[in-house]
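Notes for the one structure printed next.
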Number of protein chains: 4
Amino acid sequence: MSYARQLLDSYPRTFNRDAGVLASTIDALNECFQACTADADDDLGEQNLPEMVKCIRLCLDCADVCAATISVTSRQTEYDPTVTRPLLVACVATCKSCGDECERHAAMHEHCRVCEEACRRCEQACRELLAAMK
Amino acid sequence: MSYARQLLDSYPRTFNRDAGVLASTIDALNECFQACTADADDDLGEQNLPEMVKCIRLCLDCADVCAATISVTSRQTEYDPTVTRPLLVACVATCKSCGDECERHAAMHEHCRVCEEACRRCEQACRELLAAMK
Amino acid sequence: MSYARQLLDSYPRTFNRDAGVLASTIDALNECFQACTADADDDLGEQNLPEMVKCIRLCLDCADVCAATISVTSRQTEYDPTVTRPLLVACVATCKSCGDECERHAAMHEHCRVCEEACRRCEQACRELLAAMK
Amino acid sequence: MSYARQLLDSYPRTFNRDAGVLASTIDALNECFQACTADADDDLGEQNLPEMVKCIRLCLDCADVCAATISVTSRQTEYDPTVTRPLLVACVATCKSCGDECERHAAMHEHCRVCEEACRRCEQACRELLAAMK
C-alpha cells in the first residue's frame with residue numbers, strides 16, 4: 001500500500017471523499033513528477049538536442065504543476081474545492097500537452113515513451129478525481 | 001529593475017508578449033509565494049492556533065500554486081498557452097480563496113493583513129496577464 | 001519497476017553510478033516527500049494541535065528538502081558532485097530531525113508512525129547514496 | 001520594504017535572530033530562484049544550445065535548492081538549526097557552481113551575466129546568514 005493511501009487511512013477527521021481514487025491520483029501525480037523531471041534531463045543528454053527543446057520545456061512545466069497538485073490534493077484539512085478543482089483542470093491540460101509531445105519522440109527515445117505513459121496515466125487519474133468531486 | 005524584467009529583456013528569441021505585464025506578474029507571484037510561506041508559519045506561532053487552521057492550509061496551497069506559476073510563466077521558449085492559461089486561472093482562484101481567508105484575520109493579525117495584500121495583488125496581476133494573452 | 005529506474009535505464013549517455021542505489025534513493029525521497037506533505041496536514045487536523053506545531057513545521061521542511069533532492073538526484077547530465085553531496089547531507093539531517101519528532105507522536109498518531117518510517121528509510125537511502133558517491 | 005521583512009516584523013513570537021540579515025537573505029534567495037528559472041529557459045532558446053547544457057542543468061538545480069531554502073528560512077516557528085544550517089551550506093555550494101558556470105557565458109549572453117550576479121549575491125547572503133547563526 002502506498003504512503004499516500006496509508007496517510008489517508010490514518011487521517012484524523014471525517015473524510016467524505018473516496019480514499020481509493022484520491023490515493024491513486026496522488027500516486028500517479030508522484031510518478032508523473034518523477035518521470036517528467038528525469039525525462040527533461042534525459043532529453044538534455046540527447047544527440048538531437050535542438051529537436052528536444054519543446055519536450056524539455058513541457059516536461060519542466062509538467063513536473064512543476066504535478067508537484068503543486070500533489071501537495072494540494074494531499075491536504076484534507078479545510079478542503080476547498082474552489083482551489084483543488086481548477087488546479088486539477090490545469091494539471092490535466094499540462095499532462096495532455098506533455099504526453100502529446102513525448103509521444104512524438106517515443107519511437108526514437110525510450111525515455112520519452114516511458115514519460116508519455118506516466119503523463120497519460122496522470123491525466124486520466126486527475127480526470128477521475130475531478131469526476132469524483134461532483 | 002527586477003531580475004524577472006532583466007531576464008525577459010535579454011531573452012534570445014523573438015518575444016511577442018508584453019514584457020512589462022509579464023515581469024509585473026512574475027514579481028507579484030514571487031511576493032505572494034514569499035508572503036504565503038511566511039504567513040502560514042506566523043499563523044502556526046499564534047495563540048489562537050485552532051482558528052488559524054484554514055488560513056495555514058490555504059497559505060500552503062497558495063505558496064505551492066504560485067511557485068509552479070512562477071516557473072511556468074518564466075519560460076518563454078516553446079510557449080504553450082494551453083498550459084499557461086489554466087494554470088493562471090487556478091492561481092487566480094487560489095489567491096482569491098487565500099486572500100479572503102487572510103482578510104478574516106487581518107484586523108487581529110498584521111501578518112494576515114500583509115499576506116492578504118500580496119494575494120490580492122497577485123490575483124489582479126494574474127488576471128491582467130490572462131487578459132493580455134487573448 | 002519504478003519510473004525512476006525505468007528512466008535511469010533509458011538515460012542516453014554513459015552513466016558511471018549504480019542505477020539500483022540511485023533509483024532506490026529517488027523512490028525513497030518521493031515517498032518521504034509524499035508522507036511529510038500528508039502528515040503535516042494530518043497534524044493540522046488533530047485535537048492536540050498545539051503539541052503538533054513542531055511536527056508540522058519539520059514535516060513542511062522535510063517535504064521541501066526532499067522535493068529539491070528528488071529533482072537534483074534525478075538529473076544525470078553534467079552531474080556535479082559539489083552540488084549533489086551537500087544537498088544529500090542536508091536531506092539526511094532534515095529526515096533525521098523530522099523522523100525524531102514524528103517518533104515522539106507515533107504511539108498516539110498512526111500517521112506520525114507512518115511518516116517516521118518514511119523519514120527513516122529516506123535518511124538511510126540518502127546515506128547509502130552518499131557512501132556510493134565515494 | 002519587502003514582504004519578507006514585513007512578515008518577519010509581524011511574527012507573533014519572540015525572535016532572537018537578526019531580522020535584517022534574514023530578510024535580505026530571503027530576498028536574495030527569491031531573486032536567485034527567479035533568475036535561475038528564467039536563465040535555464042533563456043539558455044534553451046540559444047543558438048549555441050549544446051554548449052549551454054551544463055548551464056541549464058545547474059540553473060535548474062539552483063532554482064530547486066533556492067526554492068527549498070526560501071521556504072525553510074521563512075519559517076521561524078520551532079526553528080531547528082540542524083535543518084537550516086546544512087541546507088544553507090548546500091545552497092552556498094549550488095549558487096557557487098551555478099554562478100561559476102554562468103560566468104563562463106556572461107560575455108556572450110547578457111542573461112547569463114544577470115544570472116551570475118543573482119547567484120553571487122545569493123551565495124554571499126547565505127554565507128552571511130550562516131555566520132549570523134553562530
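In the C-alpha cells, chains take letters A, B, ... by order of appearance, with residues numbered from 1 within each chain and ligands from 1 in the order shown.
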
Residues of range 1-115 of chain A within 12 Å of range 18-42 of chain D: nearest atom pair and distance (Å, one decimal) for each, counting only C-alpha atoms, sorted by chain and number, as JSON lines?
```
{"residue": "A:Leu44", "atom": "CA", "partner": "D:Ala40", "partner_atom": "CA", "distance": 11.7}
{"residue": "A:Val53", "atom": "CA", "partner": "D:Asp41", "partner_atom": "CA", "distance": 9.7}
{"residue": "A:Lys54", "atom": "CA", "partner": "D:Asp41", "partner_atom": "CA", "distance": 10.9}
{"residue": "A:Ile56", "atom": "CA", "partner": "D:Asp41", "partner_atom": "CA", "distance": 9.8}
{"residue": "A:Arg57", "atom": "CA", "partner": "D:Asp41", "partner_atom": "CA", "distance": 7.8}
{"residue": "A:Leu58", "atom": "CA", "partner": "D:Asp41", "partner_atom": "CA", "distance": 11.4}
{"residue": "A:Leu60", "atom": "CA", "partner": "D:Asp41", "partner_atom": "CA", "distance": 10.1}
{"residue": "A:Asp61", "atom": "CA", "partner": "D:Thr37", "partner_atom": "CA", "distance": 11.2}
{"residue": "A:Asp64", "atom": "CA", "partner": "D:Thr37", "partner_atom": "CA", "distance": 11.6}
```

Cut-off 12 Å: closest chain A/chain B atom pairs per residue, using only C-alpha atoms, as JSON lines:
```
{"residue": "A:Pro50", "atom": "CA", "partner": "B:Glu78", "partner_atom": "CA", "distance": 11.8}
{"residue": "A:Glu51", "atom": "CA", "partner": "B:Glu78", "partner_atom": "CA", "distance": 11.4}
{"residue": "A:Met52", "atom": "CA", "partner": "B:Glu78", "partner_atom": "CA", "distance": 10.6}
{"residue": "A:Val53", "atom": "CA", "partner": "B:Glu78", "partner_atom": "CA", "distance": 7.6}
{"residue": "A:Lys54", "atom": "CA", "partner": "B:Glu78", "partner_atom": "CA", "distance": 5.5}
{"residue": "A:Cys55", "atom": "CA", "partner": "B:Glu78", "partner_atom": "CA", "distance": 9.0}
{"residue": "A:Ile56", "atom": "CA", "partner": "B:Glu78", "partner_atom": "CA", "distance": 9.6}
{"residue": "A:Arg57", "atom": "CA", "partner": "B:Glu78", "partner_atom": "CA", "distance": 7.0}
{"residue": "A:Leu58", "atom": "CA", "partner": "B:Asp80", "partner_atom": "CA", "distance": 8.3}
{"residue": "A:Cys59", "atom": "CA", "partner": "B:Val72", "partner_atom": "CA", "distance": 10.8}
{"residue": "A:Leu60", "atom": "CA", "partner": "B:Val72", "partner_atom": "CA", "distance": 8.2}
{"residue": "A:Asp61", "atom": "CA", "partner": "B:Val72", "partner_atom": "CA", "distance": 5.7}
{"residue": "A:Cys62", "atom": "CA", "partner": "B:Val83", "partner_atom": "CA", "distance": 8.8}
{"residue": "A:Ala63", "atom": "CA", "partner": "B:Ala68", "partner_atom": "CA", "distance": 8.9}
{"residue": "A:Asp64", "atom": "CA", "partner": "B:Ala68", "partner_atom": "CA", "distance": 5.1}
{"residue": "A:Val65", "atom": "CA", "partner": "B:Ala68", "partner_atom": "CA", "distance": 5.7}
{"residue": "A:Cys66", "atom": "CA", "partner": "B:Ala68", "partner_atom": "CA", "distance": 8.8}
{"residue": "A:Ala67", "atom": "CA", "partner": "B:Ala68", "partner_atom": "CA", "distance": 7.9}
{"residue": "A:Ala68", "atom": "CA", "partner": "B:Asp64", "partner_atom": "CA", "distance": 5.1}
{"residue": "A:Thr69", "atom": "CA", "partner": "B:Val65", "partner_atom": "CA", "distance": 8.0}
{"residue": "A:Ile70", "atom": "CA", "partner": "B:Asp64", "partner_atom": "CA", "distance": 9.6}
{"residue": "A:Ser71", "atom": "CA", "partner": "B:Asp64", "partner_atom": "CA", "distance": 7.3}
{"residue": "A:Val72", "atom": "CA", "partner": "B:Asp61", "partner_atom": "CA", "distance": 5.7}
{"residue": "A:Thr73", "atom": "CA", "partner": "B:Asp61", "partner_atom": "CA", "distance": 9.4}
{"residue": "A:Ser74", "atom": "CA", "partner": "B:Asp61", "partner_atom": "CA", "distance": 10.3}
{"residue": "A:Arg75", "atom": "CA", "partner": "B:Arg57", "partner_atom": "CA", "distance": 7.7}
{"residue": "A:Gln76", "atom": "CA", "partner": "B:Arg57", "partner_atom": "CA", "distance": 9.1}
{"residue": "A:Thr77", "atom": "CA", "partner": "B:Arg57", "partner_atom": "CA", "distance": 7.1}
{"residue": "A:Glu78", "atom": "CA", "partner": "B:Lys54", "partner_atom": "CA", "distance": 5.5}
{"residue": "A:Tyr79", "atom": "CA", "partner": "B:Arg57", "partner_atom": "CA", "distance": 8.4}
{"residue": "A:Asp80", "atom": "CA", "partner": "B:Leu58", "partner_atom": "CA", "distance": 8.3}
{"residue": "A:Pro81", "atom": "CA", "partner": "B:Thr94", "partner_atom": "CA", "distance": 10.1}
{"residue": "A:Thr82", "atom": "CA", "partner": "B:Ala93", "partner_atom": "CA", "distance": 6.7}
{"residue": "A:Val83", "atom": "CA", "partner": "B:Thr94", "partner_atom": "CA", "distance": 5.1}
{"residue": "A:Thr84", "atom": "CA", "partner": "B:Ala90", "partner_atom": "CA", "distance": 8.3}
{"residue": "A:Arg85", "atom": "CA", "partner": "B:Ala90", "partner_atom": "CA", "distance": 8.1}
{"residue": "A:Pro86", "atom": "CA", "partner": "B:Ala90", "partner_atom": "CA", "distance": 4.8}
{"residue": "A:Leu87", "atom": "CA", "partner": "B:Ala90", "partner_atom": "CA", "distance": 5.1}
{"residue": "A:Leu88", "atom": "CA", "partner": "B:Ala90", "partner_atom": "CA", "distance": 8.6}
{"residue": "A:Val89", "atom": "CA", "partner": "B:Pro86", "partner_atom": "CA", "distance": 6.9}
{"residue": "A:Ala90", "atom": "CA", "partner": "B:Pro86", "partner_atom": "CA", "distance": 4.8}
{"residue": "A:Cys91", "atom": "CA", "partner": "B:Leu87", "partner_atom": "CA", "distance": 7.9}
{"residue": "A:Val92", "atom": "CA", "partner": "B:Val83", "partner_atom": "CA", "distance": 9.3}
{"residue": "A:Ala93", "atom": "CA", "partner": "B:Val83", "partner_atom": "CA", "distance": 6.0}
{"residue": "A:Thr94", "atom": "CA", "partner": "B:Val83", "partner_atom": "CA", "distance": 5.1}
{"residue": "A:Cys95", "atom": "CA", "partner": "B:Val83", "partner_atom": "CA", "distance": 8.9}
{"residue": "A:Lys96", "atom": "CA", "partner": "B:Val83", "partner_atom": "CA", "distance": 9.1}
{"residue": "A:Ser97", "atom": "CA", "partner": "B:Val83", "partner_atom": "CA", "distance": 7.3}
{"residue": "A:Cys98", "atom": "CA", "partner": "B:Val83", "partner_atom": "CA", "distance": 9.2}
{"residue": "A:Glu101", "atom": "CA", "partner": "B:Asp80", "partner_atom": "CA", "distance": 11.4}
```

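The environment of Asp9 in chain B within 9 Å, counting only C-alpha atoms and disregarding residues fewer than 3 places along the same chain, consists of Ala4, Arg5, Gln6, Pro12 and Ala19 of chain B; His111 of chain D.
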
Selected residues written out, all heavy atoms, as a PDB file, in the first residue's frame:
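Full text of out_10.pdb as output:
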```
ATOM      1  N   ALA B   4      13.287  39.479 -12.953  1.00  0.00           N
ATOM      2  CA  ALA B   4      12.333  38.951 -13.938  1.00  0.00           C
ATOM      3  C   ALA B   4      12.379  39.808 -15.204  1.00  0.00           C
ATOM      4  O   ALA B   4      12.444  39.277 -16.327  1.00  0.00           O
ATOM      5  CB  ALA B   4      10.922  38.937 -13.346  1.00  0.00           C
ATOM      6  N   ARG B   5      12.352  41.141 -15.033  1.00  0.00           N
ATOM      7  CA  ARG B   5      12.355  42.028 -16.190  1.00  0.00           C
ATOM      8  C   ARG B   5      13.702  41.988 -16.937  1.00  0.00           C
ATOM      9  O   ARG B   5      13.737  41.920 -18.169  1.00  0.00           O
ATOM     10  CB  ARG B   5      12.051  43.476 -15.742  1.00  0.00           C
ATOM     11  CG  ARG B   5      11.976  44.471 -16.885  1.00  0.00           C
ATOM     12  CD  ARG B   5      10.874  44.060 -17.870  1.00  0.00           C
ATOM     13  NE  ARG B   5      10.985  44.729 -19.157  1.00  0.00           N
ATOM     14  CZ  ARG B   5      10.280  45.806 -19.508  1.00  0.00           C
ATOM     15  NH1 ARG B   5       9.403  46.318 -18.667  1.00  0.00           N
ATOM     16  NH2 ARG B   5      10.428  46.330 -20.697  1.00  0.00           N
ATOM     17  N   GLN B   6      14.816  41.992 -16.176  1.00  0.00           N
ATOM     18  CA  GLN B   6      16.139  41.929 -16.819  1.00  0.00           C
ATOM     19  C   GLN B   6      16.303  40.652 -17.655  1.00  0.00           C
ATOM     20  O   GLN B   6      16.861  40.682 -18.747  1.00  0.00           O
ATOM     21  CB  GLN B   6      17.244  41.953 -15.758  1.00  0.00           C
ATOM     22  CG  GLN B   6      17.414  43.299 -15.070  1.00  0.00           C
ATOM     23  CD  GLN B   6      18.573  43.266 -14.081  1.00  0.00           C
ATOM     24  OE1 GLN B   6      19.717  43.064 -14.443  1.00  0.00           O
ATOM     25  NE2 GLN B   6      18.270  43.436 -12.806  1.00  0.00           N
ATOM     26  N   PRO B  12      16.713  35.479 -25.782  1.00  0.00           N
ATOM     27  CA  PRO B  12      17.370  35.498 -27.097  1.00  0.00           C
ATOM     28  C   PRO B  12      16.438  35.411 -28.312  1.00  0.00           C
ATOM     29  O   PRO B  12      16.863  35.757 -29.407  1.00  0.00           O
ATOM     30  CB  PRO B  12      18.295  34.277 -27.037  1.00  0.00           C
ATOM     31  CG  PRO B  12      17.677  33.364 -26.027  1.00  0.00           C
ATOM     32  CD  PRO B  12      17.036  34.261 -25.011  1.00  0.00           C
ATOM     33  N   ALA B  19       6.377  42.466 -22.233  1.00  0.00           N
ATOM     34  CA  ALA B  19       7.357  42.136 -21.198  1.00  0.00           C
ATOM     35  C   ALA B  19       7.038  42.836 -19.873  1.00  0.00           C
ATOM     36  O   ALA B  19       7.300  42.287 -18.798  1.00  0.00           O
ATOM     37  CB  ALA B  19       8.767  42.493 -21.662  1.00  0.00           C
TER      38      ALA B  19
ATOM     39  N   HIS D 111      21.885  37.379 -20.401  1.00  0.00           N
ATOM     40  CA  HIS D 111      21.078  36.709 -19.367  1.00  0.00           C
ATOM     41  C   HIS D 111      21.944  35.884 -18.420  1.00  0.00           C
ATOM     42  O   HIS D 111      21.613  35.764 -17.235  1.00  0.00           O
ATOM     43  CB  HIS D 111      19.956  35.862 -19.995  1.00  0.00           C
ATOM     44  CG  HIS D 111      20.388  34.929 -21.077  1.00  0.00           C
ATOM     45  ND1 HIS D 111      20.918  33.692 -20.826  1.00  0.00           N
ATOM     46  CD2 HIS D 111      20.368  35.064 -22.429  1.00  0.00           C
ATOM     47  CE1 HIS D 111      21.193  33.088 -21.979  1.00  0.00           C
ATOM     48  NE2 HIS D 111      20.870  33.899 -22.977  1.00  0.00           N
TER      49      HIS D 111
END
```
